[in-house]
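*Asks:* After the structure tokens below, expect a handful of questions from me.
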Amino acid sequence: MKTKTFKTLDEQIEILIEKGLVIDDIEEAKTILLRENYFFINGYRHLFMQPDSNRFIEGTNFRELHAMFYFDRQLRNIIFKHILIFENNLKSILAYVMSKNHGFKENNYLNTNNFVRDSRKIRQINDLIRKMKRQISVNGKQHTATAHYLNNYGYIPLWVVVKVLSFGIVGELYTVLQYQDQKEIADVFAIDIYSMVEYLPILANYRNLCAHEDICYINKTQKFIEDTKYHRLLNIPKDSDGEFIFGKNDLFALVIIFKFVLSKENFNAFLDEVSYEIDYLSGRLKTITINNVLEEMGFPENYKNIERV
């Protein structure tokens with residue numbers, strides 16, 4: 001079995017140069033590799049490699065490689081920020097609907113009678129309640145608001161509890177709510193229940209990816225979203241099987257989800273921030289074009305039009 005051995009910064013630089021990468025400032029490159037990790041920087045190289053070769057396209061500069069790394073970091077930050085906005089919206093709306101329809105004390109929102117009456121989901125519901133209790137127990141005394149209610153009232157209302165529940169728990173909670181509660185929540189976002197259930201795990205996937213600084217721009221989710229009006233309005237091309245080639249399980253699928261679940265103001269801010277980073281990256285690329293990057297991301301060239309359609 002092959003093994004990977006430790007490489008010094010000088011050896012890392014030597015490997016990159018041997019593969020044809022141009023490095024104008026060796027000390028600058030070494031500083032970046034030390035701070036950011038050779039493995040992660042190198043993870044962005046595939047766009048700059050010659051076809052069927054382990055060598056970089058002639059003239060590729062280390063600064064281009066680092067520009068891709070920096071772009072992806074900025075992209076993650078933007079996505080993460082707006083997922084947190086949606087997460088807060090969802091938690092607030094869910095807490096309001098559940099409190100209004102069933103009560104807001106622990107014996108209300110942790111009561112199995114308030115969830116879907118489906119024998120196939122009894123185990124899931126009981127497991128979910130246990131996980132909620134555990135998160136409340138572990139996090140409740142650490143959060144100022146929850147600690148305040150515990151100390152002064154002896155219970156934590158649902159609109160406060162949601163603050164200490166993970167996004168994954170809240171997403172799972174939505175899937176086992178009663179139909180009318182699900183519909184009331186989905187109606188606020190002007191989408192149907194099926195779409196909400198479909199979008200939540202995809203958003204959770206990107207939330208985790210961004211939190212752990214994984215490569216984002218080429219991420220593909222296991223789940224594909226259904227065709228939407230935005231696929232048609234943007235005239236996204238189809239493959240030989242009649243399937244849209246962009247916006248299904250790629251990053252543009254996330255953009256479409258954001259179009260549905262974020263407010264108009266927040267979505268436009270998101271798109272403006274992403275567009276700025278794309279334009280900034282475009283000015284730093286020499287050996288490839290920004291369209292090469294957009295294709296890898298699953299972005300149609302007219303992606304900005306989604307703001308207007």
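Going through the structure tokens in order, the chains are called A, B, and so on, while each chain numbers its residues from 1 and the ligands are numbered from 1 in the order shown.
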Quick one: residues within 12 Å of Val22 in chain A, only C-alpha atoms, excluding same-chain residues fewer than 4 positions away - as a list of chain:residue names?
*Replies:*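 Returned residues: A:Ile13, A:Glu14, A:Ile15, A:Leu16, A:Ile17, A:Glu18, A:Ile26, A:Ala29, A:Phe48, A:Arg55, A:Phe56, A:Ile57, A:Glu58, A:Gly59, A:Thr60, A:Asn61, A:Phe62, A:Arg63, A:Glu64, A:Leu65, A:Thr287.
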*Asks:* Give me the residues within 9 Å of Gly140 in chain A as a compact mmCIF listing (two decimals) with N, CA and C atoms, in the first residue's frame, counting only C-alpha atoms and dropping any in the same chain fewer than 3 places off.
*Replies:*
```
# COMPACT_ATOMS: atom_id res chain seq x y z
N GLN A 135 -30.61 18.20 23.49
CA GLN A 135 -30.06 19.50 23.11
C GLN A 135 -30.50 20.59 24.08
N ILE A 136 -31.75 20.50 24.54
CA ILE A 136 -32.23 21.48 25.52
C ILE A 136 -31.46 21.35 26.82
N SER A 137 -31.21 20.10 27.24
CA SER A 137 -30.48 19.85 28.49
C SER A 137 -29.04 20.32 28.41
N HIS A 143 -27.10 29.08 27.20
CA HIS A 143 -27.65 30.19 26.42
C HIS A 143 -28.37 31.15 27.37
N THR A 144 -28.10 32.43 27.25
CA THR A 144 -28.64 33.42 28.18
C THR A 144 -30.16 33.38 28.25
N ALA A 145 -30.80 33.35 27.07
CA ALA A 145 -32.26 33.41 27.04
C ALA A 145 -32.90 32.18 27.65
N THR A 146 -32.38 30.99 27.28
CA THR A 146 -32.96 29.76 27.82
C THR A 146 -32.71 29.66 29.32
N ALA A 147 -31.53 30.05 29.75
CA ALA A 147 -31.21 30.02 31.19
C ALA A 147 -32.15 30.96 31.96
N LEU A 150 -35.53 29.22 32.31
CA LEU A 150 -35.42 28.10 33.25
C LEU A 150 -35.38 28.59 34.69
N ILE A 156 -38.97 26.45 29.24
CA ILE A 156 -38.47 27.25 28.11
C ILE A 156 -39.50 27.22 27.00
N VAL A 161 -36.57 27.96 22.73
CA VAL A 161 -35.92 26.66 22.54
C VAL A 161 -35.29 26.51 21.16
N VAL A 164 -31.58 26.99 20.50
CA VAL A 164 -30.54 26.04 20.88
C VAL A 164 -30.67 24.72 20.12
```
*Asks:* Using only C-alpha atoms, determine which residues lie at most 12 Å from range 265-272 of chain A, disregarding the query and same-chain residues fewer than 5 positions distant; provide the list as a VMD selection string.
*Replies:* chain A and resid 74 to 86 89 252 254 to 260 277 to 279 303 to 308
*Asks:* List the spatial neighbours of range 216-233 of chain A as a compact mmCIF listing (two decimals) with N, CA and C atoms, in the first residue's frame - criterion: any atom at most 9 Å away, only C-alpha atoms, same-chain residues fewer than 4 positions off excluded.
*Replies:*
```txt
# COMPACT_ATOMS: atom_id res chain seq x y z
N PHE A 71 -11.69 32.60 -3.74
CA PHE A 71 -13.06 32.74 -4.25
C PHE A 71 -13.99 31.77 -3.54
N ASP A 72 -13.56 30.52 -3.42
CA ASP A 72 -14.40 29.51 -2.80
C ASP A 72 -14.65 29.83 -1.33
N ARG A 73 -13.64 30.37 -0.66
CA ARG A 73 -13.82 30.76 0.75
C ARG A 73 -14.86 31.88 0.86
N LEU A 75 -17.21 32.52 -1.25
CA LEU A 75 -18.49 31.92 -1.62
C LEU A 75 -19.11 31.20 -0.42
N ARG A 76 -18.30 30.43 0.28
CA ARG A 76 -18.79 29.72 1.47
C ARG A 76 -19.33 30.70 2.51
N SER A 195 -41.73 20.60 -1.60
CA SER A 195 -40.51 21.36 -1.89
C SER A 195 -39.75 21.67 -0.61
N GLU A 198 -37.97 18.68 0.46
CA GLU A 198 -36.89 18.42 -0.48
C GLU A 198 -35.71 19.35 -0.25
N TYR A 199 -35.98 20.61 0.06
CA TYR A 199 -34.92 21.61 0.16
C TYR A 199 -34.14 21.54 1.47
N PRO A 201 -32.83 19.15 3.54
CA PRO A 201 -31.56 18.41 3.65
C PRO A 201 -30.47 18.97 2.76
N ILE A 202 -30.84 19.58 1.63
CA ILE A 202 -29.84 20.19 0.75
C ILE A 202 -29.23 21.41 1.44
N ASN A 205 -26.92 20.20 4.06
CA ASN A 205 -25.66 19.74 3.47
C ASN A 205 -24.71 20.92 3.25
N TYR A 206 -25.22 22.00 2.68
CA TYR A 206 -24.37 23.16 2.43
C TYR A 206 -23.98 23.86 3.73
N LEU A 209 -21.11 21.84 5.02
CA LEU A 209 -19.96 22.02 4.13
C LEU A 209 -19.28 23.36 4.39
N CYS A 210 -20.08 24.42 4.50
CA CYS A 210 -19.52 25.75 4.72
C CYS A 210 -18.87 25.86 6.10
N PRO A 237 -30.23 24.83 -20.83
CA PRO A 237 -30.23 23.74 -21.82
C PRO A 237 -30.44 22.37 -21.18
N GLU A 243 -33.03 16.22 -19.60
CA GLU A 243 -32.86 16.76 -18.25
C GLU A 243 -32.06 18.06 -18.29
N PHE A 244 -32.46 19.01 -17.47
CA PHE A 244 -31.72 20.27 -17.38
C PHE A 244 -30.30 19.99 -16.90
N PHE A 246 -28.10 22.25 -15.69
CA PHE A 246 -27.72 23.09 -14.57
C PHE A 246 -28.89 23.20 -13.59
N GLY A 247 -28.56 23.43 -12.33
CA GLY A 247 -29.60 23.74 -11.35
C GLY A 247 -30.36 22.55 -10.82
N LYS A 248 -29.76 21.38 -10.81
CA LYS A 248 -30.44 20.18 -10.32
C LYS A 248 -29.85 19.68 -9.00
N ASN A 249 -28.53 19.43 -8.98
CA ASN A 249 -27.87 19.03 -7.73
C ASN A 249 -26.54 19.75 -7.56
N ASP A 250 -26.38 20.86 -8.28
CA ASP A 250 -25.14 21.64 -8.24
C ASP A 250 -25.36 22.91 -7.43
N LEU A 251 -24.40 23.81 -7.49
CA LEU A 251 -24.50 25.03 -6.70
C LEU A 251 -25.65 25.92 -7.17
N ALA A 253 -28.48 24.90 -8.09
CA ALA A 253 -29.69 24.39 -7.45
C ALA A 253 -29.90 25.08 -6.11
N ILE A 256 -31.35 28.47 -6.73
CA ILE A 256 -32.79 28.38 -6.98
C ILE A 256 -33.55 28.19 -5.67
N ILE A 257 -33.03 27.36 -4.78
CA ILE A 257 -33.67 27.17 -3.48
C ILE A 257 -33.71 28.50 -2.72
N VAL A 293 -15.21 28.37 -14.93
CA VAL A 293 -15.57 28.24 -13.52
C VAL A 293 -17.09 28.14 -13.37
N LEU A 294 -17.83 28.98 -14.09
CA LEU A 294 -19.29 28.97 -14.00
C LEU A 294 -19.85 27.61 -14.40
N GLU A 296 -18.36 24.72 -14.11
CA GLU A 296 -18.09 23.79 -13.01
C GLU A 296 -19.08 24.00 -11.86
N MET A 297 -19.50 25.23 -11.65
CA MET A 297 -20.44 25.54 -10.58
C MET A 297 -21.87 25.15 -10.94
N GLY A 298 -22.13 24.92 -12.23
CA GLY A 298 -23.49 24.66 -12.68
C GLY A 298 -24.27 25.94 -12.92
N ILE A 306 -31.88 35.51 -12.91
CA ILE A 306 -32.80 34.92 -11.93
C ILE A 306 -33.31 35.97 -10.96
N VAL A 309 -36.52 37.33 -12.99
CA VAL A 309 -37.61 36.46 -13.47
C VAL A 309 -38.49 35.98 -12.31
```
*Asks:* Measuring atom to atom with only C-alpha atoms, identify which of A:Asn54, A:Thr5, A:Asn208, A:Gln12 is nearest to Leu33 in chain A.
*Replies:*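 Going through A:Asn54, A:Thr5, A:Asn208, A:Gln12 one by one, the smallest distance to Leu33 in chain A is for A:Gln12.
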*Asks:* Just want the 12 Å neighbourhood of Asp192 in chain A, counted on only C-alpha atoms, with same-chain residues fewer than 6 positions away dropped. Output as a ChimeraX atom specification.
*Replies:* /A:179-180,182-186,198-199,260-261
*Asks:* Now that the selection is made, can you save its residues with C-alpha atoms as a compact mmCIF listing (two decimals), in the first residue's frame?
*Replies:*
```
# COMPACT_ATOMS: atom_id res chain seq x y z
CA TYR A 179 -50.07 18.42 7.65
CA GLN A 180 -51.79 21.68 8.58
CA GLN A 182 -46.43 21.96 7.61
CA LYS A 183 -48.67 23.78 5.16
CA GLU A 184 -48.95 26.90 7.30
CA ILE A 185 -45.15 27.11 7.54
CA ALA A 186 -44.55 26.37 3.85
CA GLU A 198 -36.89 18.42 -0.48
CA TYR A 199 -34.92 21.61 0.16
CA PHE A 260 -37.75 30.42 -3.12
CA VAL A 261 -36.97 30.57 0.60
```
*Asks:* Would you pick out the contacts of range 100-109 of chain A at 10 Å or less, using only C-alpha atoms, so that residues sharing its chain but fewer than 5 positions from it are not included, and give the list as a PyMOL selection string?
*Replies:* chain A and resi 94-95+114-115+129+133+155-161+180-181
*Asks:* Selection from above, N, CA and C atoms, as a compact mmCIF listing (two decimals), in the first residue's frame, can you write it?
*Replies:*
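The resulting part08.txt:
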```
# COMPACT_ATOMS: atom_id res chain seq x y z
N LEU A 94 -41.71 28.39 12.55
CA LEU A 94 -42.12 27.10 13.11
C LEU A 94 -42.55 27.27 14.56
N ALA A 95 -41.78 28.02 15.34
CA ALA A 95 -42.12 28.23 16.75
C ALA A 95 -43.45 28.96 16.87
N ASN A 114 -48.82 15.94 19.04
CA ASN A 114 -48.75 17.12 18.19
C ASN A 114 -48.05 16.86 16.86
N PHE A 115 -47.64 15.60 16.66
CA PHE A 115 -46.94 15.25 15.42
C PHE A 115 -47.84 14.40 14.53
N ILE A 129 -37.79 13.50 19.69
CA ILE A 129 -38.09 14.12 20.99
C ILE A 129 -36.93 13.93 21.96
N LYS A 133 -34.76 16.92 23.66
CA LYS A 133 -34.56 17.01 25.10
C LYS A 133 -33.07 17.09 25.44
N TYR A 155 -39.55 26.68 32.82
CA TYR A 155 -39.72 26.05 31.51
C TYR A 155 -39.17 26.99 30.43
N ILE A 156 -38.97 26.45 29.24
CA ILE A 156 -38.47 27.25 28.11
C ILE A 156 -39.50 27.22 27.00
N PRO A 157 -40.09 28.36 26.62
CA PRO A 157 -41.06 28.36 25.52
C PRO A 157 -40.40 28.00 24.19
N LEU A 158 -41.21 27.51 23.28
CA LEU A 158 -40.68 27.01 22.02
C LEU A 158 -39.92 28.07 21.24
N TRP A 159 -40.41 29.32 21.28
CA TRP A 159 -39.73 30.36 20.49
C TRP A 159 -38.34 30.68 21.02
N VAL A 160 -38.04 30.25 22.25
CA VAL A 160 -36.70 30.38 22.79
C VAL A 160 -35.91 29.09 22.57
N VAL A 161 -36.57 27.96 22.73
CA VAL A 161 -35.92 26.66 22.54
C VAL A 161 -35.29 26.51 21.16
N GLN A 180 -51.38 20.29 8.54
CA GLN A 180 -51.79 21.68 8.58
C GLN A 180 -50.66 22.59 9.07
N ASP A 181 -49.88 22.10 10.02
CA ASP A 181 -48.74 22.88 10.51
C ASP A 181 -47.68 23.02 9.41
```
*Asks:* Which of range 50-276 of chain A end up as alpha helix (DSSP H) when DSSP is run on this backbone - answer as an MDAnalysis selection string?
*Replies:* chainID A and resid 62:102 106:109 122:139 144:153 158:161 167:175 179:188 193:211 229:233 251:261 264:276
*Asks:* From the list A:Ile215, A:Val170, A:Leu281, A:Leu9, which residue is nearest Glu27 in chain A when using only C-alpha atoms?
*Replies:* A:Leu9
*Asks:* Looking at only C-alpha atoms, which of A:Gly154, A:Tyr44, A:Asn111, A:Val274 is the one that sits closest to Lys141 in chain A?
*Replies:* A:Gly154
*Asks:* Rounded to one decimal place, report the CA of Phe189 in chain A-CA of Arg117 in chain A distance in Å.
*Replies:*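 So the two atoms, CA of Phe189 in chain A and CA of Arg117 in chain A, lie 24.7 Å apart.
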